[in-house]
Amino acid sequence: MSNSTWSQQILQLLRRMNNFYLPGSRRSECLRFEVNGAQVGWVPPHVASVLTRYPKVFCPPRRGALSLCPSWDSNETRSAAVDSVLRTERQGGSLTCLKGWRDEKYSVMPKFFDPPLMWMERAATSLFGVKRYGVHVNGYTIGNSGEVSMWLARRSLTKQTYPGLLDNVAAGGIAAGVSIKNTLVKECQEEACIPATLAEKACPVANVSYTYMDEEGVFAESQFVFDLELPLDFKPRAGDGEVQDFYLLPLDKVKELLATDDFKPNCAMVVLDFLIRHSFIDPDTEPCYQEFVAGLHQTL
């Protein structure tokens with residue numbers, strides 16, 4: 001693959017992952033989702049038409065916004081009211097993303113460190129366009145001659161999303177009430193059998209954020225990125241059945257794979273960020289360097 005073709009493929013990836021704010025998107029058709037007067041997401045039109053069937057939970061759309069009824073005035077009551085609606089719709093089957101119900105709660109708030117206004121089932125978050133946060137780990141090695149290689153995971157074929165694609169060595173969403181650090185250690189242990197004493201050496205290095213919209217809803221995601229240098233004699237092992245295998249690849253090969261359909265898209269973005277930060281992509285020779293950097297760090 002030529003350098004120019006590689007660059008264009010990466011630009012296409014970044015545009016796809018940031019399509020919510022591109023010209024021609026359906027953002028103008030979405031309603032702001034507001035809780036207690038604060039915007040926490042975006043509701044697509046096909047979802048709004050379903051939610052307005054529940055007037056005891058959601059107020060009629062007004063001035064471009066869909067809000068919870070003010071009678072739901074606490075984290076607990078808001079969460080329970082919305083969860084009841086979602087469980088009803090899950091049985092109905094019209095909102096297809098609810099087929100992937102996980103019984104995993106995500107906090108809903110305007111910004112990450114704001115007090116949560118409510119929690120929501122993970123599978124439903126795209127229906128409301130609420131921000132989802134996660135942790136991604138770049139596991140890499142430095143050889144005796146200074147060469148850098150990266151460990152990649154191959155996702156299990158039974159995964160609900162992106163089965164069989166390449167992934168970071170460990171990654172996972174941040175559940176309600178769980179810290180970034182605890183999520184990091186948990187995912188490293190469960191997905192790659194990386195012991196806590198080693199996982200805790202991971203360095204926080206970046207935040208990769210993007211918003212895209214597809215037929216299921218709006219995905220506003222922010223990933224806390226960590227770099228973890230692994231010992232040369234350490235080999236990750238699949239721990240929880242979410243990974244088929246792990247591969248240690250030279251960075252040239254990893255870079256090549258980024259421009260293929262073999263990578264889970266947001267994981268490709270995390271690796272791209274690694275390549276930029278560690279100067280494996282040179283601004284003197286990469287004409288799309290600024291577009292790459294901007295595409296990795298969009299405001300949610």
# chains A, B, ... in the order shown; residues from 1 in each chain; ligands from 1
>>> select_by_dssp(residues="region 15-106 of chain A", states="strand (DSSP E)", output="ChimeraX atom specification")
/A:31-35,38-43,65-67,105-106
>>> write_last_selection(atoms="N, CA and C atoms", output="PDB file, in the first residue's frame")
ATOM      1  N   LEU A  31     -32.694  15.500  18.879  1.00  0.00           N
ATOM      2  CA  LEU A  31     -33.103  16.337  20.000  1.00  0.00           C
ATOM      3  C   LEU A  31     -32.027  16.277  21.088  1.00  0.00           C
ATOM      4  N   ARG A  32     -31.771  17.404  21.718  1.00  0.00           N
ATOM      5  CA  ARG A  32     -30.897  17.389  22.876  1.00  0.00           C
ATOM      6  C   ARG A  32     -31.567  16.570  23.976  1.00  0.00           C
ATOM      7  N   PHE A  33     -30.796  15.734  24.671  1.00  0.00           N
ATOM      8  CA  PHE A  33     -31.341  14.999  25.813  1.00  0.00           C
ATOM      9  C   PHE A  33     -30.898  15.734  27.073  1.00  0.00           C
ATOM     10  N   GLU A  34     -31.880  16.208  27.836  1.00  0.00           N
ATOM     11  CA  GLU A  34     -31.580  17.010  29.015  1.00  0.00           C
ATOM     12  C   GLU A  34     -32.109  16.334  30.278  1.00  0.00           C
ATOM     13  N   VAL A  35     -31.294  16.398  31.315  1.00  0.00           N
ATOM     14  CA  VAL A  35     -31.672  15.877  32.626  1.00  0.00           C
ATOM     15  C   VAL A  35     -31.408  16.975  33.651  1.00  0.00           C
ATOM     16  N   ALA A  38     -29.652  20.059  32.333  1.00  0.00           N
ATOM     17  CA  ALA A  38     -28.319  19.941  31.723  1.00  0.00           C
ATOM     18  C   ALA A  38     -28.371  19.004  30.529  1.00  0.00           C
ATOM     19  N   GLN A  39     -27.724  19.398  29.428  1.00  0.00           N
ATOM     20  CA  GLN A  39     -27.667  18.500  28.283  1.00  0.00           C
ATOM     21  C   GLN A  39     -26.666  17.387  28.550  1.00  0.00           C
ATOM     22  N   VAL A  40     -27.102  16.149  28.347  1.00  0.00           N
ATOM     23  CA  VAL A  40     -26.223  14.993  28.564  1.00  0.00           C
ATOM     24  C   VAL A  40     -26.145  14.093  27.345  1.00  0.00           C
ATOM     25  N   GLY A  41     -26.849  14.458  26.252  1.00  0.00           N
ATOM     26  CA  GLY A  41     -26.785  13.603  25.078  1.00  0.00           C
ATOM     27  C   GLY A  41     -27.619  14.133  23.930  1.00  0.00           C
ATOM     28  N   TRP A  42     -27.801  13.263  22.922  1.00  0.00           N
ATOM     29  CA  TRP A  42     -28.584  13.556  21.719  1.00  0.00           C
ATOM     30  C   TRP A  42     -29.501  12.372  21.432  1.00  0.00           C
ATOM     31  N   VAL A  43     -30.770  12.653  21.164  1.00  0.00           N
ATOM     32  CA  VAL A  43     -31.735  11.593  20.882  1.00  0.00           C
ATOM     33  C   VAL A  43     -32.082  11.611  19.394  1.00  0.00           C
ATOM     34  N   ALA A  65     -35.397  19.969  22.497  1.00  0.00           N
ATOM     35  CA  ALA A  65     -34.879  19.130  23.583  1.00  0.00           C
ATOM     36  C   ALA A  65     -35.932  18.129  24.055  1.00  0.00           C
ATOM     37  N   LEU A  66     -35.471  16.962  24.477  1.00  0.00           N
ATOM     38  CA  LEU A  66     -36.296  15.951  25.125  1.00  0.00           C
ATOM     39  C   LEU A  66     -35.780  15.817  26.549  1.00  0.00           C
ATOM     40  N   SER A  67     -36.675  15.978  27.515  1.00  0.00           N
ATOM     41  CA  SER A  67     -36.253  15.983  28.918  1.00  0.00           C
ATOM     42  C   SER A  67     -37.023  14.939  29.718  1.00  0.00           C
ATOM     43  N   LYS A 105     -24.210  -0.999  34.146  1.00  0.00           N
ATOM     44  CA  LYS A 105     -24.674   0.374  34.308  1.00  0.00           C
ATOM     45  C   LYS A 105     -23.573   1.367  33.944  1.00  0.00           C
ATOM     46  N   TYR A 106     -23.953   2.392  33.169  1.00  0.00           N
ATOM     47  CA  TYR A 106     -23.062   3.505  32.857  1.00  0.00           C
ATOM     48  C   TYR A 106     -23.636   4.778  33.489  1.00  0.00           C
TER      49      TYR A 106
END
>>> residues_around(residues="region 163-174 of chain A", least_positions_apart="5", cutoff="6 Å", atoms="only C-alpha atoms", output="MDAnalysis selection string")
chainID A and resid 133:137 139 151:157 187:188 262:264 267
>>> write_last_selection(atoms="N, CA and C atoms", output="mmCIF file, in the first residue's frame")
data_model
loop_
_atom_site.group_PDB
_atom_site.id
_atom_site.type_symbol
_atom_site.label_atom_id
_atom_site.label_comp_id
_atom_site.auth_asym_id
_atom_site.auth_seq_id
_atom_site.Cartn_x
_atom_site.Cartn_y
_atom_site.Cartn_z
ATOM 1 N N TYR A 133 -17.455 6.317 28.475
ATOM 2 C CA TYR A 133 -16.027 6.426 28.764
ATOM 3 C C TYR A 133 -15.419 5.029 28.883
ATOM 4 N N GLY A 134 -14.161 4.927 28.476
ATOM 5 C CA GLY A 134 -13.481 3.642 28.536
ATOM 6 C C GLY A 134 -12.001 3.803 28.784
ATOM 7 N N VAL A 135 -11.348 2.673 28.932
ATOM 8 C CA VAL A 135 -9.892 2.601 29.117
ATOM 9 C C VAL A 135 -9.323 1.710 28.024
ATOM 10 N N HIS A 136 -8.266 2.161 27.350
ATOM 11 C CA HIS A 136 -7.573 1.365 26.337
ATOM 12 C C HIS A 136 -6.086 1.336 26.666
ATOM 13 N N VAL A 137 -5.485 0.164 26.532
ATOM 14 C CA VAL A 137 -4.080 -0.024 26.891
ATOM 15 C C VAL A 137 -3.273 -0.424 25.660
ATOM 16 N N GLY A 139 -0.153 -2.136 24.825
ATOM 17 C CA GLY A 139 0.902 -2.982 25.383
ATOM 18 C C GLY A 139 2.012 -3.136 24.363
ATOM 19 N N TRP A 151 1.736 -5.530 21.221
ATOM 20 C CA TRP A 151 0.829 -6.667 21.392
ATOM 21 C C TRP A 151 -0.575 -6.261 20.959
ATOM 22 N N LEU A 152 -1.174 -7.057 20.087
ATOM 23 C CA LEU A 152 -2.553 -6.856 19.663
ATOM 24 C C LEU A 152 -3.376 -8.087 20.022
ATOM 25 N N ALA A 153 -4.639 -7.863 20.324
ATOM 26 C CA ALA A 153 -5.559 -8.958 20.617
ATOM 27 C C ALA A 153 -6.473 -9.193 19.419
ATOM 28 N N ARG A 154 -6.858 -10.424 19.214
ATOM 29 C CA ARG A 154 -7.873 -10.778 18.211
ATOM 30 C C ARG A 154 -9.163 -11.092 18.965
ATOM 31 N N ARG A 155 -10.192 -10.282 18.765
ATOM 32 C CA ARG A 155 -11.435 -10.440 19.507
ATOM 33 C C ARG A 155 -12.118 -11.778 19.221
ATOM 34 N N SER A 156 -12.776 -12.298 20.221
ATOM 35 C CA SER A 156 -13.496 -13.553 20.074
ATOM 36 C C SER A 156 -14.602 -13.421 19.022
ATOM 37 N N LEU A 157 -14.874 -14.503 18.341
ATOM 38 C CA LEU A 157 -15.957 -14.522 17.351
ATOM 39 C C LEU A 157 -17.338 -14.459 18.003
ATOM 40 N N GLU A 187 -9.503 -4.816 33.499
ATOM 41 C CA GLU A 187 -9.478 -5.259 32.111
ATOM 42 C C GLU A 187 -8.166 -5.970 31.767
ATOM 43 N N CYS A 188 -7.064 -5.470 32.292
ATOM 44 C CA CYS A 188 -5.779 -6.138 32.043
ATOM 45 C C CYS A 188 -5.781 -7.558 32.591
ATOM 46 N N ASP A 262 -9.463 -4.870 9.250
ATOM 47 C CA ASP A 262 -9.202 -5.919 10.229
ATOM 48 C C ASP A 262 -9.136 -5.383 11.651
ATOM 49 N N PHE A 263 -9.235 -4.059 11.818
ATOM 50 C CA PHE A 263 -9.091 -3.434 13.133
ATOM 51 C C PHE A 263 -10.429 -2.898 13.626
ATOM 52 N N LYS A 264 -10.746 -3.124 14.890
ATOM 53 C CA LYS A 264 -11.867 -2.421 15.509
ATOM 54 C C LYS A 264 -11.570 -0.924 15.412
ATOM 55 N N CYS A 267 -10.092 1.193 18.310
ATOM 56 C CA CYS A 267 -8.783 0.677 18.711
ATOM 57 C C CYS A 267 -7.716 1.105 17.709
#
>>> residues_around(residues="Thr211 (chain A)", least_positions_apart="4", cutoff="9 Å", atoms="only C-alpha atoms", output="JSON, numbers by chain")
{"A": [17, 18, 19, 20, 21, 129, 218, 219, 220, 221, 222, 298, 299, 300]}
>>> write_last_selection(atoms="N, CA, C and O atoms", output="mmCIF file, in the first residue's frame")
data_model
loop_
_atom_site.group_PDB
_atom_site.id
_atom_site.type_symbol
_atom_site.label_atom_id
_atom_site.label_comp_id
_atom_site.auth_asym_id
_atom_site.auth_seq_id
_atom_site.Cartn_x
_atom_site.Cartn_y
_atom_site.Cartn_z
ATOM 1 N N MET A 17 -15.605 7.984 12.134
ATOM 2 C CA MET A 17 -15.742 7.983 13.588
ATOM 3 C C MET A 17 -16.114 9.351 14.151
ATOM 4 O O MET A 17 -16.397 9.476 15.344
ATOM 5 N N ASN A 18 -16.112 10.363 13.305
ATOM 6 C CA ASN A 18 -16.505 11.704 13.729
ATOM 7 C C ASN A 18 -17.638 12.242 12.855
ATOM 8 O O ASN A 18 -17.817 13.455 12.728
ATOM 9 N N ASN A 19 -18.439 11.345 12.273
ATOM 10 C CA ASN A 19 -19.412 11.782 11.272
ATOM 11 C C ASN A 19 -20.569 12.593 11.839
ATOM 12 O O ASN A 19 -21.302 13.245 11.091
ATOM 13 N N PHE A 20 -20.745 12.589 13.156
ATOM 14 C CA PHE A 20 -21.876 13.301 13.751
ATOM 15 C C PHE A 20 -21.781 14.800 13.508
ATOM 16 O O PHE A 20 -22.797 15.492 13.434
ATOM 17 N N TYR A 21 -20.559 15.318 13.414
ATOM 18 C CA TYR A 21 -20.381 16.758 13.266
ATOM 19 C C TYR A 21 -19.958 17.155 11.853
ATOM 20 O O TYR A 21 -19.628 18.318 11.613
ATOM 21 N N GLY A 129 -27.470 9.060 23.094
ATOM 22 C CA GLY A 129 -26.249 9.770 22.760
ATOM 23 C C GLY A 129 -25.475 10.254 23.959
ATOM 24 O O GLY A 129 -24.736 11.247 23.872
ATOM 25 N N VAL A 218 -26.480 7.445 18.508
ATOM 26 C CA VAL A 218 -25.341 8.354 18.565
ATOM 27 C C VAL A 218 -24.340 7.824 19.588
ATOM 28 O O VAL A 218 -24.699 7.530 20.725
ATOM 29 N N PHE A 219 -23.090 7.720 19.150
ATOM 30 C CA PHE A 219 -22.025 7.190 19.998
ATOM 31 C C PHE A 219 -21.028 8.303 20.289
ATOM 32 O O PHE A 219 -20.212 8.664 19.440
ATOM 33 N N ALA A 220 -21.120 8.874 21.480
ATOM 34 C CA ALA A 220 -20.182 9.912 21.927
ATOM 35 C C ALA A 220 -19.241 9.257 22.928
ATOM 36 O O ALA A 220 -19.638 8.963 24.058
ATOM 37 N N GLU A 221 -18.016 9.002 22.510
ATOM 38 C CA GLU A 221 -17.118 8.170 23.318
ATOM 39 C C GLU A 221 -15.792 8.867 23.600
ATOM 40 O O GLU A 221 -15.256 9.594 22.754
ATOM 41 N N SER A 222 -15.276 8.619 24.790
ATOM 42 C CA SER A 222 -14.013 9.192 25.219
ATOM 43 C C SER A 222 -13.204 8.089 25.891
ATOM 44 O O SER A 222 -13.662 7.481 26.860
ATOM 45 N N GLN A 298 -11.599 15.042 19.322
ATOM 46 C CA GLN A 298 -12.758 15.882 19.092
ATOM 47 C C GLN A 298 -13.495 16.140 20.421
ATOM 48 O O GLN A 298 -13.608 15.264 21.272
ATOM 49 N N THR A 299 -13.984 17.363 20.588
ATOM 50 C CA THR A 299 -14.770 17.682 21.773
ATOM 51 C C THR A 299 -16.114 16.988 21.679
ATOM 52 O O THR A 299 -16.797 17.059 20.667
ATOM 53 N N LEU A 300 -16.503 16.314 22.772
ATOM 54 C CA LEU A 300 -17.785 15.602 22.782
ATOM 55 C C LEU A 300 -18.914 16.604 23.011
ATOM 56 O O LEU A 300 -18.796 17.470 23.869
#
>>> residues_around(residues="Pro195 (chain A)", least_positions_apart="2", cutoff="12 Å", atoms="only C-alpha atoms", output="list of chain:residue names")
A:Leu184, A:Val185, A:Lys186, A:Glu187, A:Cys188, A:Gln189, A:Glu190, A:Glu191, A:Ala192, A:Cys193, A:Thr197, A:Leu198, A:Ala199, A:Glu200, A:Lys201, A:Ala202, A:Leu230, A:Phe234, A:Lys235, A:Pro236, A:Arg237, A:Gly239
>>> residues_around(residues="Cys288 (chain A)", least_positions_apart="6", cutoff="12 Å", atoms="only C-alpha atoms", output="VMD selection string")
chain A and resid 3 to 12 14 276 281 to 282 294 to 295
>>> write_last_selection(atoms="N, CA and C atoms", output="short mmCIF file (atom, residue, chain, number, x, y, z; two decimals), in the first residue's frame")
data_model
loop_
_atom_site.label_atom_id
_atom_site.label_comp_id
_atom_site.auth_asym_id
_atom_site.auth_seq_id
_atom_site.Cartn_x
_atom_site.Cartn_y
_atom_site.Cartn_z
N ASN A 3 2.05 5.21 0.52
CA ASN A 3 1.87 6.12 1.65
C ASN A 3 0.61 6.96 1.50
N SER A 4 0.36 7.44 0.28
CA SER A 4 -0.81 8.29 0.07
C SER A 4 -2.11 7.50 0.26
N THR A 5 -2.12 6.26 -0.19
CA THR A 5 -3.31 5.43 0.00
C THR A 5 -3.54 5.16 1.48
N TRP A 6 -2.46 4.87 2.20
CA TRP A 6 -2.56 4.64 3.65
C TRP A 6 -3.15 5.87 4.34
N SER A 7 -2.65 7.04 4.00
CA SER A 7 -3.13 8.28 4.63
C SER A 7 -4.61 8.50 4.34
N GLN A 8 -5.03 8.24 3.13
CA GLN A 8 -6.43 8.43 2.77
C GLN A 8 -7.33 7.44 3.50
N GLN A 9 -6.85 6.22 3.68
CA GLN A 9 -7.63 5.23 4.43
C GLN A 9 -7.79 5.66 5.89
N ILE A 10 -6.74 6.22 6.48
CA ILE A 10 -6.82 6.68 7.86
C ILE A 10 -7.77 7.88 7.96
N LEU A 11 -7.71 8.78 7.00
CA LEU A 11 -8.64 9.91 7.01
C LEU A 11 -10.09 9.44 6.93
N GLN A 12 -10.35 8.43 6.11
CA GLN A 12 -11.70 7.89 6.01
C GLN A 12 -12.17 7.31 7.35
N LEU A 14 -11.16 8.25 10.37
CA LEU A 14 -11.41 9.35 11.29
C LEU A 14 -12.70 10.10 10.95
N ILE A 276 1.75 8.47 16.66
CA ILE A 276 2.02 9.90 16.59
C ILE A 276 2.84 10.34 17.81
N ILE A 281 5.12 8.52 13.26
CA ILE A 281 4.53 9.27 12.15
C ILE A 281 5.13 10.66 12.22
N ASP A 282 5.76 11.09 11.15
CA ASP A 282 6.58 12.30 11.13
C ASP A 282 5.81 13.44 10.46
N ALA A 294 -6.22 16.15 14.91
CA ALA A 294 -7.54 16.74 15.18
C ALA A 294 -8.62 15.67 15.26
N GLY A 295 -8.55 14.67 14.38
CA GLY A 295 -9.56 13.62 14.35
C GLY A 295 -9.56 12.71 15.55
#
>>> atom_distance(atom1="CA of Pro204 (chain A)", atom2="CA of Ala268 (chain A)")
17.9 Å
>>> decode(residues="region 183-194 of chain A", atoms="N, CA, C and O atoms", output="tab-separated table (two decimals), in the first residue's frame")
chain	number	residue	atom	x	y	z
A	183	THR	N	-10.68	0.19	36.52
A	183	THR	CA	-11.07	-0.39	35.23
A	183	THR	C	-9.84	-0.89	34.49
A	183	THR	O	-9.85	-1.98	33.90
A	184	LEU	N	-8.78	-0.09	34.50
A	184	LEU	CA	-7.53	-0.49	33.86
A	184	LEU	C	-7.03	-1.83	34.39
A	184	LEU	O	-6.75	-2.76	33.62
A	185	VAL	N	-6.92	-1.94	35.69
A	185	VAL	CA	-6.39	-3.17	36.29
A	185	VAL	C	-7.32	-4.35	36.01
A	185	VAL	O	-6.87	-5.45	35.66
A	186	LYS	N	-8.62	-4.11	36.15
A	186	LYS	CA	-9.60	-5.18	35.92
A	186	LYS	C	-9.52	-5.71	34.50
A	186	LYS	O	-9.49	-6.94	34.28
A	187	GLU	N	-9.50	-4.82	33.50
A	187	GLU	CA	-9.48	-5.26	32.11
A	187	GLU	C	-8.17	-5.97	31.77
A	187	GLU	O	-8.16	-6.95	31.01
A	188	CYS	N	-7.06	-5.47	32.29
A	188	CYS	CA	-5.78	-6.14	32.04
A	188	CYS	C	-5.78	-7.56	32.59
A	188	CYS	O	-5.31	-8.50	31.93
A	189	GLN	N	-6.31	-7.73	33.79
A	189	GLN	CA	-6.35	-9.05	34.40
A	189	GLN	C	-7.31	-9.98	33.67
A	189	GLN	O	-6.97	-11.13	33.36
A	190	GLU	N	-8.52	-9.49	33.38
A	190	GLU	CA	-9.55	-10.35	32.82
A	190	GLU	C	-9.29	-10.70	31.36
A	190	GLU	O	-9.51	-11.85	30.95
A	191	GLU	N	-8.84	-9.72	30.57
A	191	GLU	CA	-8.71	-9.95	29.13
A	191	GLU	C	-7.38	-10.53	28.73
A	191	GLU	O	-7.30	-11.26	27.74
A	192	ALA	N	-6.30	-10.16	29.44
A	192	ALA	CA	-4.96	-10.54	28.99
A	192	ALA	C	-4.13	-11.21	30.06
A	192	ALA	O	-2.94	-11.50	29.83
A	193	CYS	N	-4.72	-11.49	31.23
A	193	CYS	CA	-4.00	-12.12	32.35
A	193	CYS	C	-2.73	-11.34	32.71
A	193	CYS	O	-1.69	-11.93	33.04
A	194	ILE	N	-2.80	-10.02	32.60
A	194	ILE	CA	-1.71	-9.17	33.04
A	194	ILE	C	-1.90	-8.92	34.54
A	194	ILE	O	-2.94	-8.37	34.94
